[in-house]
Structures are given as structure tokens and as C-alpha cells.
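Undergrad: Dumping the structure here so I can ask a few things about it.
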Amino acid sequence: MNKTKLELRNITMAFRTRLGDSVVAVDDLSLNVGDREFISIVGPSGCGKSTLLRVVAGLVRPDVGSVLLDGKPITGPGADRGMVFQSYTLFPWLTVQGNVEYGPRLKGLPSAERTRIALEYLEKVGLIGFERSYPKELSGGMMQRVAIARALANDPEVLLMDEPFGALDAQTRIIMQEMLVTIWQQTPKTIVFVTHDIDEALFMSDSVYVMTARPGRIKQVLKVELPRPRTFEMITSSAFIEQKRAVIEAIKEETLKTINVTA
Amino acid sequence: MQGISEQPTSRPPEKRIQFSDLWKPHTPIPRRYYLATMVLSLGGLFLVWCVLSYGGFVKPSYFLPSPTAVVSAALRMIETGELWENAQASITVVVIGWIIAALLAVPLGILMGSLKIVEALLEPIVNFVRYLPVSAMIPLLILYIGIGIEEKISVIFIGTFFQLILLVADVAAHVGNDLLDSAYTLGSSRLRVLTTVLLPATLPGVMDALRITLGWAWTYLIVAELVAAEHGLGIMILQSQRGLRTDKIFVGLVTIGLLGFASDILVKWLHRRLLPWSPRIR
């Protein structure tokens, strides 16, 4: 692993339910992400993966523990950690270009520079020609591509992705995965990708972190032994299938636990 | 590139519409059926009016003036300037009162809907005043500021401000959290989130709220004018009643209806022009 970019130290997060019980979502979780590394976090639903991402984004404060970016503790949300959400979060009142320029505008960049940046990233996500469209005129896949361009245009050091392709159909999803990996190789960022799609995690990542059922901890880390650039033929290779089997088994064990608890 | 594939569109052949197709919920009907029904509706109402008035079914006859009587009264009132003078007085009051209410209620409503602390501060007061009928406050307002235009503007303001602030707060409270979180992760401060996310996100809802309260503003105005006024459509109607001039009352009513209708179209048009991105606009 390269030098550590992102460090999660002993993160614990608990929620109080409506009935007043305390539910531990994330329990004493620690993990390090190397500079320019692409990691995925998978786990049974409700294991606290999204919570973890929101902690790193600085949108929620952990009850215990801290997150360090380049060794410095984070105190709140910031432009150095971009995030892409599963729901469609484009600003409907801004055009495609306006959305991508939102971050650069906050930074006070001059108009010509903003336009240059916006067009650069819109080209990367294949949306040149749609600069003046409003989000309501786009398909779900196109909206998520704009959301990725918007996050990247801010030039963040870390890109946090919370099931960004979860609402897309299978074909669009594969295209999006290839596109994201290509962009990541051109503009190396540290990416933390949360998903429940094991193929997606293995195809894109350097490492896959499997979380336990609630309370969420890291159960297993899998280094993905596939060469880059990755192609879709690899999905059917025996190496891929073997790793997939390992992840499925780990997750199944955890999912069964959640079913036993509630039964 | 996915998403857009332009193909020459050939119109599908016109389908035969059966009577039962018109009664399926949430289903569009052909435009000509829609327009025909609209004409039928208005025409039917007019026909009933004609039959009742020309047929002499209503006694005494001044209870229901005939269409010709109303039209000739309207022409005379336009000629003498009476109609325009009163309409102008009413329009001025409604527009000023409603604009002041909107300018104050929109920012306060956004704050109230997005900040719990502001909600706690304003909601008890707003909900108390909201249930006081404005008409009940007219005597007090006349006592305080007389029967001039200021009193009428105050009636409109009180009548719409407290309703508007709640409507806007509700819209602001329903702006998706993911939208706010996106702005934060793009480097936005809390203040910038208010001005660059919450404000524009509430605008379509604000437009709807403005349209609704503009309708109420007309009602409050007429009530205020009926109590005491020198000029205005309300007082014009009241004076016509004293002279048993039902034809002039009808002119007043139709004028109020048309003004309300026109202001509704105006706000809808503004919505379309100012917010082309609004999800309410296809």
C-alpha cells in the first residue's frame, strides 16, 4: 500500500431508536486507506456502511474515534472529500454545467476557469452536448455521471461513493463502472466505494472490505488479485470467481446472523 | 452516447375514443374533448342565466339582471371611468399588501422550515395569529390607522403573511437532506447552503404558495372594503346594493372574478418564465 491517505481510528457510532434503545451501528472500527487506492466496503444491509461514509465525509460526528486525512483530524465536511450519493442529488435549478461548476464557484474561481473545468469533466463522463440541459431532462445514469463530474470538478483528495449505481439498471451500471475506473486511472484519487454488489466491488477495487452484521466491524479484507486494466472478461475468470465465492461466504455468514437475531 | 436517440416520429393513427375511456382516473383525454367540455360548462351556465332572466322566471326581476343589462351597465361604467377607478384602487391595495407579505414571509418561512430554533421561535405566534379571522381585526385596524389605503394594506398583509410563512416553511422543511449534504461535501458553508440550496429549492413551492395566497388576498380586500372604504370594487358593490342596482353588482362580481383569474394566469406565467427547471413544468 502507498502512504496512508485516510485513517479511521476506533470509530463507534450508536443511534437511539424511537423506543429509546441504543443501537450500535459501527463498533470500534479502524481501517487505513492508502493514497490513490480504490477500496470497496461491502456487507449485509444495515451494517453501517453508509454511516461510516458519512463519518468520513464529516456529515456526522462519530461517538468515539476519529478520522484522519493526511494525518490531520477532520472536523466537518469539506471540499477535500467529495461524495456521490445513491439518490439523485443534482441541483434541479442549475443546468448540467451549472451543477459541475458549483464547487469551483464556491472556491471563487473566475468564470472562464470554471467553464474549462466543467467541460473537462463533462467530457470524461461523456456528457458534452448536455451542458445546458436541466437535470429533469436526463436519465438516471446521466444524472449520476453529472454527479460524479460535479464531485471531481472540485478536485477532492478523497471520493466517497455511497452506492452511486444502486438505482441504475444492470447494463448502465456496467458502463458506469468501466467509466469510473478509467477516470480513476486518469486522475488518481483515493476512492472509498460502498456497495452491496460484490461483482461491482471486485471489478473496480484494489481491496474489498467485508463488514460484519450490526454492530459493524471489519470482518475480512480481500486484496483483489486481478491485473489492471480490468476488462469484463475477467468477471468470468476462475480467479475472479474464487474471490467472489470468498466474499459471498463471508457476507452470507453475516446476513444469516441478522436473520437469527430477528427470528 | 446513451439517453438520446432521435428518430423520425410518425404520428400513430387516431384511436377511437369510447365514452367509458373518458372516466378512467388519472388518464389524459383528447384535447378536443377537453375543450368541448369546457365550452359546454361555461355555455351551460350562461344558458341557465339567459333562460332565468329573459324568461322572467325570477321575481322581482331586479334580483337577476339579464346579460344585456349587465353588459350595458359595464359599458356605462367603463365610459364614466367608475369601473376603472374602483378596480385600480383595489388592485393597488392587493398588490402592495401581498408583495410586502411575500417579501417578509418567504425568507422567514425558509428559516422556519429549515432551522428548528427559528421554528420554535415563530410557530407559536404564527399559529395563534393565523386562526384569528382577519375580518375580526378590521375594527381594531380602523381604530388604529383609519379607513385609508394603509388600513386595507394591513388587512391584506395580516391575512396572507401568516398563512404564507407556514406554507413556505413546509416547502423548506421538505427539501431533501441529500441535497444539503451534497452542497456540504462540495465545500459549502451553512450560510451558503441557505442561499444556494434551500432558497432556490423552495422556489417552485413558493410560487404555488404565492398563487394560493393571492386568491385569498382578493377575498380579504373585498371584506375590508365592505366595512369601510372610499374607493374600490367592494364599496362599489355595496353602494350598488343600496340603489338596488343588481346589474352593477354583477359587473363588480365579474370584474373581481376576471381580475383573480388574470392574476392566477400571471403567476403561472411567471413560474414558467422564471423557473424553467421546475418539476411542475413539463
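Chain lettering (A, B, ...) mirrors the order of the C-alpha cells, residue numbering begins at 1 for each chain separately, and ligand numbering begins at 1 in order of display.
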Hey, what's within 9 Å of Ser30 of chain A if we count only C-alpha atoms and toss same-chain stuff fewer than 6 positions away? As JSON, numbers by chain, please?

TA: {"A": [7, 8, 9, 10, 11, 65, 217, 218]}

Undergrad: Could you dump the residues just selected with C-alpha atoms as a PDB file, in the first residue's frame?

TA:
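Result file follows (selection16.pdb):
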ATOM      1  CA  GLU A   7      -7.155   6.729   8.570  1.00  0.00           C
ATOM      2  CA  LEU A   8     -10.245   5.662  10.511  1.00  0.00           C
ATOM      3  CA  ARG A   9      -9.417   5.161  14.175  1.00  0.00           C
ATOM      4  CA  ASN A  10     -11.687   3.246  16.553  1.00  0.00           C
ATOM      5  CA  ILE A  11     -14.909   4.629  15.095  1.00  0.00           C
ATOM      6  CA  GLY A  65     -12.889   7.723  17.453  1.00  0.00           C
ATOM      7  CA  ARG A 217     -16.849  -4.089  12.207  1.00  0.00           C
ATOM      8  CA  ILE A 218     -14.391  -5.151   9.526  1.00  0.00           C
TER       9      ILE A 218
END

Undergrad: Distance table requested - chain B against chain A, cut-off 6 Å, only C-alpha atoms: one row per qualifying residue with the closest atom pair and its distance in Å to one decimal, ordered by chain and rising residue number, as a tab-separated table.

TA:
residue	atom	partner	partner_atom	distance
B:Leu179	CA	A:Thr89	CA	5.3
B:Tyr184	CA	A:Pro77	CA	5.9
B:Thr185	CA	A:Gly82	CA	5.4
B:Leu186	CA	A:Ala79	CA	4.9
B:Gly187	CA	A:Ala79	CA	4.1
B:Trp277	CA	A:Trp93	CA	5.4

Undergrad: Could you pull the residues within 6 Å of Pro215 of chain A, counting only C-alpha atoms, minus those fewer than 4 positions along the same chain, as a ChimeraX atom specification?

TA: /A:24-27

Undergrad: Kindly save the residues from that selection, with C-alpha atoms included, as a PDB file, in the first residue's frame.

TA:
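The result, stored in part-v2.pdb:
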ATOM      1  CA  VAL A  24     -24.607   0.336  17.871  1.00  0.00           C
ATOM      2  CA  ALA A  25     -24.232   0.831  14.104  1.00  0.00           C
ATOM      3  CA  VAL A  26     -20.444   0.873  13.910  1.00  0.00           C
ATOM      4  CA  ASP A  27     -18.313  -0.643  16.650  1.00  0.00           C
TER       5      ASP A  27
END

Undergrad: From the list A:Ile191, A:Ile148, A:Val64, A:Leu53, which residue is nearest Asp35 of chain A when using only C-alpha atoms?

TA: A:Ile191

Undergrad: By how many Å are atom CA of Gly46 of chain A and atom CA of Ile251 of chain A apart?

TA: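 Distance reported for this atom pair: 12.4 Å.
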
Undergrad: Using only C-alpha atoms, which residues sit within 8 Å of Thr202 of chain B once same-chain residues fewer than 3 positions away are excluded, as an NGL selection string?

TA: :B and (110 or 168 or 171-172 or 175 or 198-199 or 205-206)

Undergrad: Show which residues sit within 9 Å of Glu151 of chain B, as a list of chain:residue names. Count only C-alpha atoms, and ignore same-chain residues fewer than 6 positions away.

TA: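 Skipping anything fewer than 6 positions along the chain leaves B:Ile138, B:Leu141, B:Ile142, B:Tyr144, B:Ile145, B:Ala224.
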
Undergrad: Atom CA of Ala149 of chain A and atom CA of Glu37 of chain A are how many Å apart?

TA: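 Straight-line distance from atom CA of Ala149 of chain A to atom CA of Glu37 of chain A works out to 19.1 Å.
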
Undergrad: Between A:Thr75, A:Gln243, A:Gln144, A:Ser40, which has the minimum distance to Val194 of chain A (counting only C-alpha atoms)?

TA: A:Ser40

Undergrad: Can you list, as a list in words, every protein, DNA or RNA residue that comes within 10 Å of Ala101 of chain B when you count only C-alpha atoms, leaving out same-chain residues fewer than 6 positions away?

TA: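 Using only C-alpha atoms, the neighbours found are Val95, Ile153, Ser154, Ile156, Phe157, Ile158, Gly159, Thr160, Phe161, Phe162, Gln163, Leu164, Ile165, Leu210 and Thr213 of chain B.
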
Undergrad: Atoms to include: N, CA and C atoms. Write the selected residues as a PDB file, in the first residue's frame.

TA:
ATOM      1  N   VAL B  95     -51.993  44.283  -4.517  1.00  0.00           N
ATOM      2  CA  VAL B  95     -50.614  44.054  -4.953  1.00  0.00           C
ATOM      3  C   VAL B  95     -49.626  44.506  -3.884  1.00  0.00           C
ATOM      4  N   ILE B 153     -54.237  47.771   3.212  1.00  0.00           N
ATOM      5  CA  ILE B 153     -52.983  47.040   3.001  1.00  0.00           C
ATOM      6  C   ILE B 153     -52.663  46.183   4.222  1.00  0.00           C
ATOM      7  N   SER B 154     -52.922  46.726   5.405  1.00  0.00           N
ATOM      8  CA  SER B 154     -52.661  45.962   6.634  1.00  0.00           C
ATOM      9  C   SER B 154     -53.539  44.714   6.693  1.00  0.00           C
ATOM     10  N   ILE B 156     -54.737  42.990   4.148  1.00  0.00           N
ATOM     11  CA  ILE B 156     -54.173  42.020   3.200  1.00  0.00           C
ATOM     12  C   ILE B 156     -52.916  41.389   3.785  1.00  0.00           C
ATOM     13  N   PHE B 157     -52.065  42.228   4.359  1.00  0.00           N
ATOM     14  CA  PHE B 157     -50.800  41.731   4.907  1.00  0.00           C
ATOM     15  C   PHE B 157     -51.060  40.688   5.993  1.00  0.00           C
ATOM     16  N   ILE B 158     -51.890  41.057   6.972  1.00  0.00           N
ATOM     17  CA  ILE B 158     -52.149  40.138   8.089  1.00  0.00           C
ATOM     18  C   ILE B 158     -52.812  38.857   7.575  1.00  0.00           C
ATOM     19  N   GLY B 159     -53.706  39.022   6.605  1.00  0.00           N
ATOM     20  CA  GLY B 159     -54.429  37.862   6.083  1.00  0.00           C
ATOM     21  C   GLY B 159     -53.527  36.892   5.344  1.00  0.00           C
ATOM     22  N   THR B 160     -52.509  37.387   4.651  1.00  0.00           N
ATOM     23  CA  THR B 160     -51.690  36.483   3.832  1.00  0.00           C
ATOM     24  C   THR B 160     -50.346  36.141   4.469  1.00  0.00           C
ATOM     25  N   PHE B 161     -49.752  37.065   5.213  1.00  0.00           N
ATOM     26  CA  PHE B 161     -48.402  36.845   5.744  1.00  0.00           C
ATOM     27  C   PHE B 161     -48.309  35.577   6.592  1.00  0.00           C
ATOM     28  N   PHE B 162     -49.239  35.422   7.535  1.00  0.00           N
ATOM     29  CA  PHE B 162     -49.118  34.310   8.477  1.00  0.00           C
ATOM     30  C   PHE B 162     -49.424  32.966   7.821  1.00  0.00           C
ATOM     31  N   GLN B 163     -50.257  32.989   6.787  1.00  0.00           N
ATOM     32  CA  GLN B 163     -50.516  31.752   6.047  1.00  0.00           C
ATOM     33  C   GLN B 163     -49.315  31.408   5.165  1.00  0.00           C
ATOM     34  N   LEU B 164     -48.805  32.445   4.535  1.00  0.00           N
ATOM     35  CA  LEU B 164     -47.703  32.260   3.587  1.00  0.00           C
ATOM     36  C   LEU B 164     -46.460  31.712   4.290  1.00  0.00           C
ATOM     37  N   ILE B 165     -46.184  32.237   5.473  1.00  0.00           N
ATOM     38  CA  ILE B 165     -44.974  31.832   6.184  1.00  0.00           C
ATOM     39  C   ILE B 165     -45.036  30.330   6.502  1.00  0.00           C
ATOM     40  N   LEU B 210     -47.627  31.470  -3.303  1.00  0.00           N
ATOM     41  CA  LEU B 210     -47.973  32.844  -3.679  1.00  0.00           C
ATOM     42  C   LEU B 210     -49.282  32.872  -4.454  1.00  0.00           C
ATOM     43  N   THR B 213     -52.202  32.313  -1.992  1.00  0.00           N
ATOM     44  CA  THR B 213     -52.490  33.433  -1.097  1.00  0.00           C
ATOM     45  C   THR B 213     -52.964  34.659  -1.870  1.00  0.00           C
TER      46      THR B 213
END

Undergrad: Quick check, in Å to one decimal: how far apart do atom CA of Gln177 of chain A and atom CA of Met204 of chain A lie?

TA: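 Straight-line distance from atom CA of Gln177 of chain A to atom CA of Met204 of chain A works out to 7.0 Å.
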
Undergrad: Please run DSSP on the backbone and report, as a VMD selection string, all residues within segment 138-245 of chain B that come out as alpha helix (DSSP H).

TA: chain B and resid 138 to 145 149 to 173 177 to 185 190 to 193 199 to 227 233 to 242

Undergrad: Show me, as a PyMOL selection string, the residues that have an atom within 12 Å of Pro227 of chain A when counting only C-alpha atoms, minus same-chain residues fewer than 5 positions from it.

TA: chain A and resi 202-206+234+237+239-240
